[in-house]
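Taking it in order: structure first as structure tokens, then the write-up.
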Amino acid sequence: MKAPSVVRPDSTGTGKVGRKPKRGLSSAEKVRMARMRFTIDKITEKLTSVTAVAKMFKRDPAQVTKAVNSAFREGLVEIREVEQLHKRVIRNETLEQQLKEHFPEINVRVIETADDDFMPTSAADESSHHSDRVHMYLGAALAKDLRDGLHVSDGDTIGLGSGRSVFYAIENLRHHPKLNWAGTRLVSLSGHVSATDYSGQVNGHLDADLHVNQLALCLRQKTTQILFECPITGHQIFGLIDKRSKINLLDEERRRSPVGSKWSNNRCNLAICGVGSFTSGHRFYEFINSQVRTAAQHDEDRISDSELKPIIEELRRLNDLCKRNGIESDYTYIPVGDICNHLFFIPHPSGEMRDERAIRAIIQSINGKLLNASWEQFSQIDKMIVLSGTKRKAATVLELIQNRAANAKLKIRMLYIDTDAANGMLRLLAVQREKRLAAGG
């Protein structure tokens with residue numbers, strides 16, 4: 001005798017009897033399935049199988065496959081290659097030791113920059129790409145040390161500068177587990193100064209305010225964020241201000257002002273910043289030498305000359321003097337450096353420069369019109385981590401360490417540089433030594 005057949009009720013509304021329709025998938029479910037499908041299984045160390053994903057979501061494997069394909073087709077998810085630069089960071093310990101002999105108080109990381117498959121279309125294109133790659137590796141090296149528990153302690157007030165190396169360090173941290181820095185405070189050291197990369201790969205400004213926000217997202221605990229605020233709205237993009245309204249950020253007499261009180265009550269004990277030189281790539285240099293502007297900087301054209309009016313004539317004079325006194329040989333010398341929107345003079349390797357007095361005067365005047373911290377205020381920071389790369393930065397970094405042109409000494413305790421900058425610094429140190437020997441010192 002045949003077993004009675006089971007007839008499913010009509011659930012389609014068509015009058016036909018059939019199987020119960022499968023439950024549809026929402027966009028959120030498609031995303032979760034796709035994410036799980038491309039998660040590495042901790043046991044097999046392979047991608048999670050379709051069968052395993054189907055079991056987790058109590059779905060048919062065919063449904064999972066369709067859902068994952070649909071997620072990609074609808075643009076709900078995408079596969080993006082994240083370059084694991086920290087795995088390719090190679091230190092040059094020979095150069096590190098040589099610099100350590102000159103500066104025993106500083107821990108140095110000299111980073112080799114690996115070649116890649118980039119095919120430049122011009123010499124300028126190659127130079128910009130190489131410079132950006134150098135700063136990527138420096139940032140990756142710092143990020144690795146931060147993940148390993150170096151530099152930062154609970155309760156630190158951390159100042160962040162603008163620029164590529166700081167940006168790439170934070171960008172690297174974003175792709176790793178969040179950091180456990182309890183009670184830390186993050187302070188912007190230079191605000192919004194329209195910093196960019198050189199090759200135009202990053203669509204945005206690499207400014208200190210952004211870095212504070214981005215680093216906060218890398219922390220497990222909530223943190224206080226102190227952003228830079230310029231009292232002159234029209235000049236906020238460069239921190240330019242009129243002399244009459246300049247605020248010395250840590251000046252005791254200005255504690256009652258909004259900016260002054262914010263900075264004086266949140267003095268950094270740790271700073272992470274890059275350094276620049278007044279040459280190709282520096283934002284002021286590029287505005288004055290507009291004919292060599294890169295594609296990434298064309299968006300800056302919206303900033304009119306009127307907004308740079310307080311310093312534009314001085315920048316033009318400074319540009320002429322730097323070109324007349326610069327050196328390009330087995331080392332590079334540029335008379336003006338920049339740390340967190342604060343310009344400073346770099347003495348000539350020979351010890352003499354006919355335009356030194358003029359350059360110093362222009363630097364002092366420009367700094368008087370920028371909302372920035374003074375050299376003395378930087379010297380109050382207990383520990384500075386400095387990142388800088390390429391041959392052009394050698395003299396700038398060396399001056400930051402030696403402080404020959406300033407009365408206050410910066411407490412640089414960690415230095416991240418590439419091999420070109422390291423070799424340039426050693427050559428400059430040799431020039432200084434030769435000069436001392438010639439003078440009988």
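How things are named: the first chain in the structure tokens is A, the next is B, and so on; residues count from 1 in each chain; ligands count from 1 in the order shown.
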(message) Need the shell around Asn372 of chain A: protein/DNA/RNA residues with any atom at most 7 Å away, counting only C-alpha atoms. Skip same-chain ones fewer than 4 positions apart. Format as a list in words?
(response)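 Once the nearby chain positions are removed, what remains is Ser190, Asn341 and His342 of chain A.
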(request) Could you give me, as a ChimeraX atom specification, the residues within 8 Å of Val166 of chain A, counting only C-alpha atoms and dropping anything in the same chain fewer than 5 positions from it? (result) /A:139,160-161,211,272-274,387
Selection: 12 Å around Leu219 of chain A, only C-alpha atoms, excl. self and same-chain fewer than 5 positions, as a short mmCIF file (atom, residue, chain, number, x, y, z; two decimals) with N, CA and C atoms, in the first residue's frame:
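Output (result.cif):
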data_model
loop_
_atom_site.label_atom_id
_atom_site.label_comp_id
_atom_site.auth_asym_id
_atom_site.auth_seq_id
_atom_site.Cartn_x
_atom_site.Cartn_y
_atom_site.Cartn_z
N LEU A 146 54.59 51.34 17.36
CA LEU A 146 53.46 51.71 18.21
C LEU A 146 52.62 50.48 18.56
N ARG A 147 52.41 49.60 17.59
CA ARG A 147 51.65 48.37 17.87
C ARG A 147 52.40 47.46 18.82
N ASP A 154 50.15 55.04 28.98
CA ASP A 154 48.81 55.47 29.40
C ASP A 154 48.88 56.87 29.99
N ILE A 170 49.40 56.51 10.69
CA ILE A 170 48.03 56.32 11.18
C ILE A 170 47.23 55.46 10.23
N LEU A 173 47.96 51.97 10.97
CA LEU A 173 47.33 51.51 12.21
C LEU A 173 45.86 51.15 12.01
N ARG A 174 45.20 51.81 11.07
CA ARG A 174 43.77 51.58 10.85
C ARG A 174 43.47 50.17 10.39
N HIS A 176 44.77 47.43 11.60
CA HIS A 176 45.18 46.48 12.64
C HIS A 176 44.27 46.64 13.86
N PRO A 177 44.32 45.69 14.80
CA PRO A 177 43.49 45.82 16.00
C PRO A 177 43.72 47.13 16.73
N LYS A 178 42.69 47.62 17.37
CA LYS A 178 42.77 48.92 18.03
C LYS A 178 43.76 48.88 19.20
N LEU A 179 44.34 50.04 19.47
CA LEU A 179 45.36 50.16 20.50
C LEU A 179 44.73 50.45 21.86
N ASN A 180 45.35 49.93 22.89
CA ASN A 180 44.87 50.15 24.26
C ASN A 180 45.71 51.24 24.93
N TRP A 181 45.41 52.48 24.62
CA TRP A 181 46.09 53.60 25.26
C TRP A 181 45.09 54.29 26.19
N ALA A 182 45.13 53.94 27.44
CA ALA A 182 44.15 54.47 28.40
C ALA A 182 44.50 55.90 28.79
N GLY A 183 43.48 56.75 28.81
CA GLY A 183 43.64 58.12 29.31
C GLY A 183 44.49 59.03 28.46
N THR A 184 44.69 58.68 27.19
CA THR A 184 45.51 59.54 26.34
C THR A 184 44.69 60.72 25.81
N ARG A 185 45.41 61.79 25.48
CA ARG A 185 44.81 62.97 24.88
C ARG A 185 45.56 63.26 23.58
N LEU A 186 44.84 63.65 22.56
CA LEU A 186 45.44 63.91 21.26
C LEU A 186 45.30 65.39 20.92
N VAL A 212 44.54 63.78 14.15
CA VAL A 212 43.97 63.60 15.49
C VAL A 212 42.69 62.77 15.40
N ASN A 213 41.82 63.12 14.46
CA ASN A 213 40.57 62.38 14.31
C ASN A 213 40.81 60.93 13.90
N GLN A 214 41.73 60.72 12.97
CA GLN A 214 42.00 59.38 12.47
C GLN A 214 42.66 58.49 13.53
N THR A 224 40.31 62.27 24.52
CA THR A 224 40.06 63.70 24.32
C THR A 224 40.82 64.16 23.09
N GLN A 225 40.16 64.92 22.22
CA GLN A 225 40.78 65.43 21.00
C GLN A 225 40.79 66.95 21.05
#
(request) Find the residues near segment 94-108 of chain A: any atom within 12 Å, counting only C-alpha atoms, skip ones fewer than 5 places away on the same chain, and give them as an NGL selection string. (result) :A and (138 or 141-142 or 150-151 or 383-388 or 398 or 401-402 or 410-430 or 433)
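Considering only segment 136-172 of chain A, backbone DSSP assigns strand (DSSP E) to A:Thr157, A:Ile158, A:Gly159, A:Leu160.
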(request) Select, from A:Cys340, A:Cys268, A:Met136, A:Ile327, the residue with the minimum atom-to-atom distance to Asp156 of chain A, counting only C-alpha atoms. (result)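 Of A:Cys340, A:Cys268, A:Met136, A:Ile327, the one nearest Asp156 of chain A is A:Cys268, counting only C-alpha atoms.
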(message) Calculated over only C-alpha atoms, which of the candidates A:Ala408, A:Thr390, A:Leu318, A:Leu437 has the smallest distance to Ser127 of chain A?
(response) A:Thr390
